[in-house]
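Source file: coords37.cif. Holds: mmCIF, C-alpha atoms.
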```cif
data_query
loop_
_atom_site.label_atom_id
_atom_site.label_comp_id
_atom_site.auth_asym_id
_atom_site.auth_seq_id
_atom_site.Cartn_x
_atom_site.Cartn_y
_atom_site.Cartn_z
CA MET L 1 13.04 -40.78 -28.62
CA ARG L 2 15.94 -40.93 -31.01
CA ILE L 3 15.12 -39.63 -34.48
CA LEU L 4 16.75 -42.59 -36.21
CA ASP L 5 15.44 -45.19 -33.78
CA PRO L 6 13.97 -48.08 -35.82
CA ALA L 7 10.94 -48.02 -33.48
CA ALA L 8 10.04 -44.61 -34.91
CA ALA L 9 9.59 -45.91 -38.42
CA GLY L 10 7.01 -48.30 -39.87
CA THR L 11 4.85 -50.51 -37.68
CA GLY L 12 6.13 -52.78 -35.01
CA GLY L 13 9.62 -51.36 -35.40
CA ALA L 14 10.21 -53.29 -38.61
CA LEU L 15 11.86 -51.55 -41.53
CA SER L 16 11.67 -52.68 -45.14
CA ASP L 17 14.86 -53.56 -46.87
CA ASP L 18 14.69 -50.31 -48.86
CA ALA L 19 14.29 -48.23 -45.67
CA GLN L 20 17.21 -49.63 -43.74
CA PRO L 21 19.45 -46.72 -42.63
CA GLY L 22 22.63 -48.60 -43.39
CA THR L 23 25.31 -49.68 -41.01
CA GLU L 24 25.19 -48.93 -37.31
CA PRO L 25 28.19 -46.53 -37.51
CA GLU L 26 26.41 -44.55 -40.23
CA THR L 27 23.24 -44.37 -38.13
CA ALA L 28 25.22 -43.13 -35.12
CA ARG L 29 26.97 -40.53 -37.27
CA LEU L 30 23.67 -39.20 -38.62
CA GLN L 31 22.12 -39.08 -35.13
CA ALA L 32 25.15 -37.20 -33.78
CA ARG L 33 24.80 -34.65 -36.57
CA ILE L 34 21.09 -34.20 -35.83
CA ASP L 35 21.88 -33.73 -32.12
CA GLN L 36 24.54 -31.17 -33.04
CA LEU L 37 22.09 -29.21 -35.19
CA ALA L 38 19.44 -29.32 -32.44
CA ALA L 39 21.95 -27.92 -29.93
CA HIS L 40 22.89 -25.18 -32.38
CA VAL L 41 19.23 -24.22 -32.87
CA GLN L 42 18.77 -24.05 -29.09
CA GLN L 43 21.83 -21.81 -28.80
CA LEU L 44 20.48 -19.50 -31.51
CA GLU L 45 17.12 -19.30 -29.71
CA GLN L 46 18.88 -18.35 -26.47
CA GLU L 47 20.96 -15.72 -28.25
CA ARG L 48 17.83 -14.29 -29.88
CA ALA L 49 16.07 -14.10 -26.52
CA SER L 50 19.15 -12.42 -25.01
CA LEU L 51 19.33 -9.86 -27.83
CA ARG L 52 15.61 -9.17 -27.50
CA TRP L 53 16.04 -8.57 -23.75
CA MET L 54 19.07 -6.33 -24.32
CA ALA L 55 17.18 -4.27 -26.88
CA GLY L 56 14.53 -3.38 -24.29
CA HIS L 57 16.49 -3.18 -21.04
CA ASP L 58 19.19 -1.12 -19.41
CA ASP L 59 22.26 -3.32 -18.98
CA LEU L 60 23.41 -1.50 -15.80
CA THR L 61 20.24 -1.68 -13.70
CA GLY L 62 18.16 -4.32 -15.50
CA LEU L 63 15.23 -1.91 -15.75
CA ALA L 64 13.31 -1.28 -18.94
CA ASN L 65 14.96 1.29 -21.19
CA ARG L 66 13.37 4.28 -22.90
CA ARG L 67 12.46 2.22 -25.99
CA LEU L 68 10.60 -0.45 -24.03
CA PHE L 69 8.87 2.16 -21.85
CA HIS L 70 7.54 3.90 -24.96
CA THR L 71 6.39 0.50 -26.28
CA LEU L 72 4.57 -0.70 -23.15
CA ALA L 73 3.25 2.49 -21.56
CA PRO L 74 0.64 3.47 -24.22
CA GLU L 75 -1.03 0.06 -24.00
CA LEU L 76 -0.99 0.17 -20.19
CA LEU L 77 -2.57 3.62 -20.24
CA ARG L 78 -5.30 2.48 -22.63
CA ARG L 79 -6.33 -0.66 -20.79
CA ASP L 80 -5.82 0.48 -17.18
CA ASN L 81 -9.13 0.51 -15.29
CA CYS L 82 -7.58 2.39 -12.37
CA SER L 83 -6.15 5.88 -12.70
CA SER L 84 -2.49 6.15 -13.68
CA ALA L 85 0.24 8.76 -13.48
CA VAL L 86 3.42 9.37 -15.43
CA LEU L 87 6.47 10.03 -13.27
CA ILE L 88 9.93 11.40 -14.13
CA LEU L 89 12.67 11.20 -11.50
CA ASP L 90 16.12 12.81 -11.57
CA LEU L 91 18.72 12.37 -8.82
CA ASN L 92 20.11 15.26 -6.79
CA GLY L 93 23.74 15.01 -5.74
CA PHE L 94 24.70 12.28 -8.20
CA LYS L 95 27.30 14.18 -10.26
CA PRO L 96 29.55 14.96 -7.25
CA ILE L 97 29.61 11.23 -6.45
CA ASN L 98 30.82 10.45 -9.97
CA ASP L 99 33.37 13.27 -9.85
CA THR L 100 34.69 12.40 -6.40
CA TYR L 101 34.55 8.62 -6.19
CA GLY L 102 34.58 7.60 -9.86
CA HIS L 103 32.14 5.98 -12.25
CA ASP L 104 32.25 2.60 -10.49
CA ALA L 105 30.75 4.24 -7.41
CA GLY L 106 28.27 6.14 -9.56
CA ASP L 107 27.18 2.94 -11.31
CA GLU L 108 26.65 1.21 -7.97
CA VAL L 109 24.55 4.14 -6.72
CA LEU L 110 22.36 3.82 -9.81
CA ARG L 111 21.94 0.08 -9.21
CA VAL L 112 20.96 0.66 -5.58
CA VAL L 113 18.51 3.42 -6.54
CA ALA L 114 16.97 1.19 -9.22
CA LYS L 115 16.43 -1.60 -6.66
CA ARG L 116 14.84 0.87 -4.24
CA ILE L 117 12.48 2.20 -6.91
CA VAL L 118 11.39 -1.32 -7.87
CA ALA L 119 10.96 -2.31 -4.22
CA CYS L 120 8.77 0.75 -3.68
CA LEU L 121 6.67 0.57 -6.87
CA GLY L 122 6.38 -3.21 -7.11
CA ASP L 123 5.18 -4.47 -10.48
CA HIS L 124 4.53 -1.02 -11.96
CA LEU L 125 6.44 -0.16 -15.13
CA VAL L 126 9.83 1.39 -14.24
CA ALA L 127 12.53 2.46 -16.69
CA ARG L 128 15.93 4.09 -16.72
CA PHE L 129 15.91 6.72 -19.43
CA GLY L 130 19.66 7.33 -19.21
CA GLY L 131 22.18 8.88 -16.83
CA ASP L 132 20.46 9.44 -13.47
CA GLU L 133 16.99 9.89 -14.96
CA PHE L 134 14.24 7.32 -14.36
CA ALA L 135 10.60 7.06 -15.40
CA ALA L 136 7.65 5.10 -14.07
CA LEU L 137 3.96 4.52 -14.69
CA PRO L 138 2.43 4.03 -11.23
CA ARG L 139 -1.21 3.04 -10.96
CA ALA L 140 -3.75 3.71 -8.25
CA PRO L 141 -3.76 0.88 -5.69
CA ARG L 142 -7.49 0.31 -6.20
CA ALA L 143 -10.40 1.64 -8.23
CA ASP L 144 -11.81 3.71 -5.34
CA ALA L 145 -8.45 5.23 -4.31
CA PRO L 146 -8.53 8.93 -3.32
CA GLY L 147 -8.06 11.44 -6.12
CA ALA L 148 -4.61 12.39 -4.84
CA TRP L 149 -3.36 8.81 -4.41
CA TRP L 150 -0.19 9.71 -6.31
CA HIS L 151 0.92 12.09 -3.52
CA GLU L 152 1.54 9.05 -1.32
CA VAL L 153 3.30 7.17 -4.13
CA ALA L 154 5.68 10.06 -4.75
CA GLY L 155 6.32 10.59 -1.05
CA SER L 156 7.05 6.89 -0.50
CA LEU L 157 9.39 6.86 -3.47
CA SER L 158 11.24 9.92 -2.17
CA ALA L 159 11.64 8.34 1.24
CA ALA L 160 12.83 5.05 -0.29
CA ILE L 161 15.63 6.73 -2.28
CA ALA L 162 16.92 9.11 0.38
CA PRO L 163 18.54 6.80 3.01
CA PRO L 164 22.36 6.62 2.95
CA MET L 165 23.94 3.66 1.17
CA ASN L 166 27.31 1.96 1.56
CA VAL L 167 29.12 2.06 -1.80
CA LEU L 168 32.70 0.83 -2.16
CA GLY L 169 33.41 1.61 1.47
CA HIS L 170 31.82 5.09 1.34
CA THR L 171 28.54 6.18 2.90
CA LEU L 172 26.75 8.07 0.14
CA SER L 173 23.28 9.47 -0.32
CA VAL L 174 21.20 11.05 -3.06
CA THR L 175 17.70 12.46 -3.20
CA ALA L 176 15.31 12.87 -6.11
CA SER L 177 13.47 15.63 -7.89
CA ILE L 178 10.20 14.10 -9.05
CA GLY L 179 7.72 15.35 -11.60
CA ILE L 180 4.45 13.45 -11.60
CA VAL L 181 1.41 14.02 -13.83
CA PRO L 182 -1.91 12.25 -13.19
CA ALA L 183 -2.97 10.81 -16.54
CA GLY L 184 -6.66 11.56 -16.03
CA PRO L 185 -8.54 11.15 -19.31
CA SER L 186 -5.36 11.80 -21.30
CA ARG L 187 -3.66 8.87 -22.94
CA ASP L 188 -1.11 10.91 -24.90
CA LEU L 189 2.15 9.51 -23.55
CA THR L 190 4.32 12.09 -25.33
CA ASP L 191 2.39 14.97 -23.76
CA LEU L 192 2.34 13.36 -20.31
CA LEU L 193 6.10 12.76 -20.41
CA ARG L 194 6.72 16.33 -21.55
CA ARG L 195 4.66 17.75 -18.68
CA ALA L 196 6.24 15.39 -16.14
CA ASP L 197 9.70 16.39 -17.37
CA GLN L 198 8.84 20.08 -17.03
CA ALA L 199 7.49 19.41 -13.55
CA MET L 200 10.69 17.60 -12.57
CA PHE L 201 12.86 20.51 -13.72
CA SER L 202 10.55 22.91 -11.90
CA ALA L 203 11.09 20.84 -8.75
CA LYS L 204 14.86 20.91 -9.24
CA ARG L 205 14.89 24.69 -9.81
CA HIS L 206 12.68 25.26 -6.78
CA ALA L 207 14.98 23.23 -4.56
CA LYS L 208 17.98 25.29 -5.72
CA THR L 209 16.35 28.71 -5.46
CA THR L 210 15.00 28.02 -1.97
CA ASP L 211 18.28 26.45 -0.80
CA LYS L 212 16.50 23.20 0.10
CA THR L 213 19.60 21.04 -0.17
CA GLY L 214 18.83 17.35 0.20
CA ILE L 215 15.04 17.80 0.15
CA THR L 216 12.94 16.10 -2.50
CA TRP L 217 10.24 18.19 -4.11
CA VAL L 218 7.38 16.55 -5.96
CA VAL L 219 5.66 18.68 -8.58
CA ALA L 220 2.35 17.66 -10.09
CA THR L 221 1.10 19.29 -13.27
CA GLU L 222 -2.59 18.58 -13.46
CA THR L 223 -4.92 18.90 -16.45
CA GLY L 224 -4.75 22.52 -17.56
CA ASP L 225 -2.21 25.09 -16.49
CA HIS L 226 -2.37 24.63 -12.71
CA THR L 227 0.78 23.43 -11.01
CA GLU L 228 1.08 22.26 -7.42
CA THR L 229 4.30 21.64 -5.58
CA TYR L 230 4.65 19.16 -2.74
CA GLU L 231 7.43 18.35 -0.35
CA PRO L 232 7.16 14.96 1.39
CA ALA L 233 7.15 15.86 5.05
CA ALA L 234 10.37 15.19 6.89
CA VAL L 235 10.12 14.28 10.57
CA PRO L 236 10.93 17.61 12.23
CA VAL L 237 13.40 17.72 15.11
CA PRO L 238 11.99 19.45 18.20
CA PRO L 239 13.99 22.37 19.57
CA PRO L 240 16.09 21.56 22.65
CA GLY L 241 14.99 22.32 26.18
CA PRO L 242 11.62 23.32 27.61
CA ALA L 243 10.93 25.75 24.77
CA ALA L 244 9.53 22.87 22.67
CA SER L 245 6.01 23.77 23.76
CA GLY L 246 6.54 27.51 23.51
CA SER L 247 3.79 28.17 20.97
CA ALA L 248 0.60 29.41 22.55
CA VAL L 249 -1.54 28.25 19.60
CA VAL L 250 -2.37 24.58 19.07
CA TYR L 251 -3.06 23.99 15.37
CA ARG L 252 -5.34 21.29 14.02
CA PRO L 253 -5.88 19.87 10.51
CA GLY L 254 -7.95 22.26 8.42
CA ASP L 255 -7.00 25.40 10.38
CA PRO L 256 -6.46 28.43 8.08
CA VAL L 257 -3.10 30.09 8.77
CA TRP L 258 -0.66 32.65 7.46
CA VAL L 259 2.82 31.33 6.70
CA ARG L 260 5.84 33.61 6.98
CA ARG L 261 8.29 32.69 4.21
CA SER L 262 11.19 34.76 2.80
CA GLY L 263 9.79 37.96 4.28
CA ALA L 264 6.35 37.38 2.74
CA ARG L 265 3.04 36.27 4.22
CA ARG L 266 1.25 33.50 2.33
CA ALA L 267 -2.15 31.91 2.92
CA GLY L 268 -2.05 28.29 4.07
CA VAL L 269 -4.04 25.43 5.58
CA VAL L 270 -2.76 23.02 8.26
CA GLU L 271 -2.77 19.36 7.20
CA GLY L 272 -1.22 17.95 10.38
CA ALA L 273 0.47 19.34 13.47
CA CYS L 274 2.17 18.71 16.76
CA GLU L 275 2.79 21.30 19.46
CA TRP L 276 5.90 22.79 17.85
CA ALA L 277 5.58 22.10 14.08
CA ALA L 278 2.89 21.72 11.44
CA LEU L 279 2.54 20.28 7.95
CA VAL L 280 1.04 23.15 5.98
CA ARG L 281 -0.22 23.52 2.41
CA TYR L 282 0.37 27.12 1.38
CA ARG L 283 0.48 29.42 -1.62
CA CYS L 284 3.54 29.52 -3.89
CA GLN L 285 5.38 32.80 -3.99
CA ASP L 286 3.94 33.76 -7.39
CA GLY L 287 0.47 32.54 -6.42
CA ALA L 288 0.33 29.94 -9.23
CA GLY L 289 -0.13 26.84 -7.13
CA THR L 290 0.53 25.49 -3.66
CA MET L 291 3.26 23.64 -1.83
CA VAL L 292 3.41 21.51 1.28
CA ASP L 293 6.14 21.94 3.86
CA THR L 294 6.87 21.18 7.50
CA ILE L 295 6.98 24.53 9.30
CA ALA L 296 7.74 25.54 12.89
CA THR L 297 4.61 26.86 14.58
CA ASP L 298 6.33 30.14 15.45
CA CYS L 299 6.28 30.89 11.68
CA LEU L 300 2.46 30.56 11.63
CA THR L 301 -0.37 32.87 12.63
CA VAL L 302 -4.12 32.36 12.54
CA ARG L 303 -5.72 33.46 9.25
CA ALA L 304 -9.20 34.99 9.37
CA GLU L 305 -9.37 35.98 5.71
CA ALA L 306 -10.75 33.32 3.37
CA ASP L 307 -8.78 31.89 0.47
CA PRO L 308 -11.24 30.38 -2.05
CA TYR L 309 -8.84 27.88 -3.56
CA LEU L 310 -7.09 26.69 -0.38
CA ASP L 311 -10.16 26.55 1.82
CA ARG L 312 -12.18 24.78 -0.87
CA LYS L 313 -9.42 22.19 -1.31
CA SER L 314 -9.17 21.71 2.43
CA SER L 315 -12.89 21.15 2.96
CA ALA L 316 -13.10 18.82 -0.04
CA SER L 317 -10.35 16.60 1.31
CA MET L 318 -11.79 16.26 4.81
#
```
As a first step, turn the structure in this file into structure tokens.
Amino acid sequence: MRILDPAAAGTGGALSDDAQPGTEPETARLQARIDQLAAHVQQLEQERASLRWMAGHDDLTGLANRRLFHTLAPELLRRDNCSSAVLILDLNGFKPINDTYGHDAGDEVLRVVAKRIVACLGDHLVARFGGDEFAALPRAPRADAPGAWWHEVAGSLSAAIAPPMNVLGHTLSVTASIGIVPAGPSRDLTDLLRRADQAMFSAKRHAKTTDKTGITWVVATETGDHTETYEPAAVPVPPPGPAASGSAVVYRPGDPVWVRRSGARRAGVVEGACEWAALVRYRCQDGAGTMVDTIATDCLTVRAEADPYLDRKSSASM
């Protein structure tokens, strides 16, 4: 309906002599001006919406930025009926890509990684904090999810990021060091982010000191001082020839074992196995936590001595 349409005024479309808008050209001019102002208001609304989006999002990847994450995460933590975790992710091998192929290639890698994170985590809150650092607030898939549901989330995320990508005619790949902290009863976002950040740097240091190039380590700092380190299991490659079944011992989930690592013997528990390799949870070198790794069976021996922490954890999870 036109604002100056005679049908909009009075009853029956009739205007009194005093209310007549004037000549038809004048009416048209006034209506054109009103239309112009309406278009300008619409443009300003669009610009305001765009500025609001830009203030809360990373312009390279389209993810939330640090500011929006800090705005949304506390409310999500407070109202979430399922358990949540705070996750910090930093890429391994990103700087050499920037240095070798240029920032255009680096930017494209970040865009691909962002898409992979979103595809893996779905509608969970994901943000780019800056550079090659990302954050997320994953939630348990359901109320009765296992206590360690976040192990699977972190492993899936690691696997999603690792595959090679074609960038500007080059086949490139990066992995991720991930620190993840189950929120538990805590709703202090600042503290959770601090612990997740420390866990991520611990993962990165561990990968360097153990020469685990290209392997993603997931570190979880739980309530208190206990730290556990996890490596998402890679699919091991069997040794060539008939020696693949050379191990005389067949390991099963829950079997207590000794793991030979860096000249030391560490207590462990088998979580899964085939005839030539096993996924084993075993003690960290300093004893302050555990890690999970895929280990050839010839590096394992049967453990008769009990380990209160490992064996308790194993029986509780079965």
(request) Can you give me, as a list of chain:residue names, the residues this file yields under the PyMOL selection byres ((chain L and resi 62) around 10)? (result) L:Trp53, L:Met54, L:Gly56, L:His57, L:Asp58, L:Asp59, L:Leu60, L:Thr61, L:Leu63, L:Ala64, L:Asn65, L:Arg111, L:Ala114, L:Lys115, L:Ala127, L:Arg128
(message) Which residue is closest to L:Pro163? Choose from L:His124, L:Pro146, L:Val109, L:Pro182 and count all atoms listed in the file.
(response)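 Comparing L:His124, L:Pro146, L:Val109, L:Pro182 against L:Pro163, the winner is L:Val109.
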(request) Name the residues, using the chain letters and numbers of the file, that sit within 7 Å of (5.6, 29.0, 8.1) when counting all atoms listed in the file, and give them as an NGL selection string. (result) :L and (259-261 or 295-297 or 299-300)
(message) Can you pull out the residues contacting stretch 70-86 of chain L? Cut-off 12 Å, using only C-alpha atoms, and skip same-chain residues under 5 positions away; I want them as number ranges by chain.
(response) L: 55-57, 64-65, 124-129, 134-151, 153-154, 178-197, 199-200, 219-223
(message) Residue by residue, what does the PyMOL selection byres ((chain L and resi 306) around 12) grab here? Present the result as a PyMOL selection string.
(response) chain L and resi 255-258+267-269+302-305+307-312+314
(request) Please measure the separation of atom CA of L:Gly122 and atom CA of L:Asp107, giving the value in Å to one decimal. (result)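 It comes out at 22.1 Å.
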(request) Step by step, work through what the PyMOL selection byres ((chain L and resi 251) around 8) selects in the shown file, and finish by giving those residues as a PyMOL selection string. (result) chain L and resi 249-250+252-253+255+270+273-275+278
(message) What's around L:Ile161 at 10 Å? Count all atoms listed in the file, leave out sequence neighbours fewer than 3 positions away in its own chain, and write the answer as a PyMOL selection string.
(response) chain L and resi 91+112-117+120+156-158+164-165+173-176+216
(message) Between atom CA of L:Leu172 and atom CA of L:Ala277, what distance in Å does the model show, to one decimal?
(response) 29.0 Å
